[in-house]
Amino acid sequence: MHYLYRRYRLWILYLIFLICAVLFGSREGFLSTNGDNGFAKGVVLAIYLAFLAFSLYATHRENFFRSIGKINALLWGRQVGIDLYISVFLSLALIYLVEGSVLVLLAWFLPIVVFANLAILPYLLLNFAEVVGHFQL
């Protein structure tokens, strides 16, 4: 049992984050949208579910922390990590653009820095019409 806890402890934190995001950080549900972009939201939802499923599979097969250590030992591994976190901070800028609040940005900051796309995609899904509305003329 201790082995399972150690392997999946980040997922427990992720589940807590996801529950809080749905309860406190959403304008719409995962499956519904307030706009006419149902198909686009469905595509994002499919991407999120596939990425979540693969992440759970990877957790089952390999230790996350050991894998990150091996990746970071390589120059290209570090380059990919830097690239990922550039997009993470761009996503945080998008959240600030949409929300207009430093407090909301700070609430999303830690989950996004820790979980990256596993936190960014739920933000997009839970606020899809609002995000898309900022890019429509």
# chains A, B, ... in the order shown; residues from 1 in each chain; ligands from 1
$ select_by_dssp --residues "chain A" --states "helix (DSSP H, G or I)" --output "JSON, numbers by chain"
{"A": [2, 3, 4, 5, 6, 7, 8, 9, 10, 11, 12, 13, 14, 15, 16, 17, 18, 19, 20, 21, 22, 23, 24, 38, 39, 40, 41, 42, 43, 44, 45, 46, 47, 48, 49, 50, 51, 52, 53, 54, 55, 56, 57, 58, 59, 60, 61, 64, 65, 66, 67, 68, 69, 70, 71, 72, 75, 76, 77, 78, 79, 80, 81, 82, 83, 84, 85, 86, 87, 88, 89, 90, 91, 92, 93, 94, 95, 96, 97, 98, 99, 102, 103, 104, 105, 106, 107, 108, 109, 110, 111, 112, 113, 114, 115, 117, 118, 119, 120, 121, 122, 123, 124, 125, 126, 128, 129, 130, 131, 132, 133]}
$ residues_around --residues "segment 124-127 of chain A" --least-positions-apart "6" --cutoff "8 Å" --atoms "only C-alpha atoms" --output "number ranges by chain"
A: 22, 25-30, 41, 44-45
$ residues_around --residues "Gly81 of chain A" --least-positions-apart "5" --cutoff "10 Å" --atoms "only C-alpha atoms" --output "PyMOL selection string"
chain A and resi 68+71-72+75-76+86
$ closest_residue --among "A:Leu121, A:Ile82, A:Val131, A:Val113" --to "Tyr96 of chain A" --atoms "only C-alpha atoms"
A:Val131
$ closest_residue --among "A:Leu106, A:Leu56, A:Ala129, A:Cys20" --to "Gly35 of chain A" --atoms "only C-alpha atoms"
A:Ala129
$ residues_around --residues "His134 of chain A" --least-positions-apart "3" --cutoff "10 Å" --atoms "only C-alpha atoms" --output "PyMOL selection string"
chain A and resi 94+97-98+129-131+137
$ closest_residue --among "A:Ser101, A:Thr59, A:Asn117, A:Asn34" --to "Tyr5 of chain A" --atoms "only C-alpha atoms"
A:Thr59
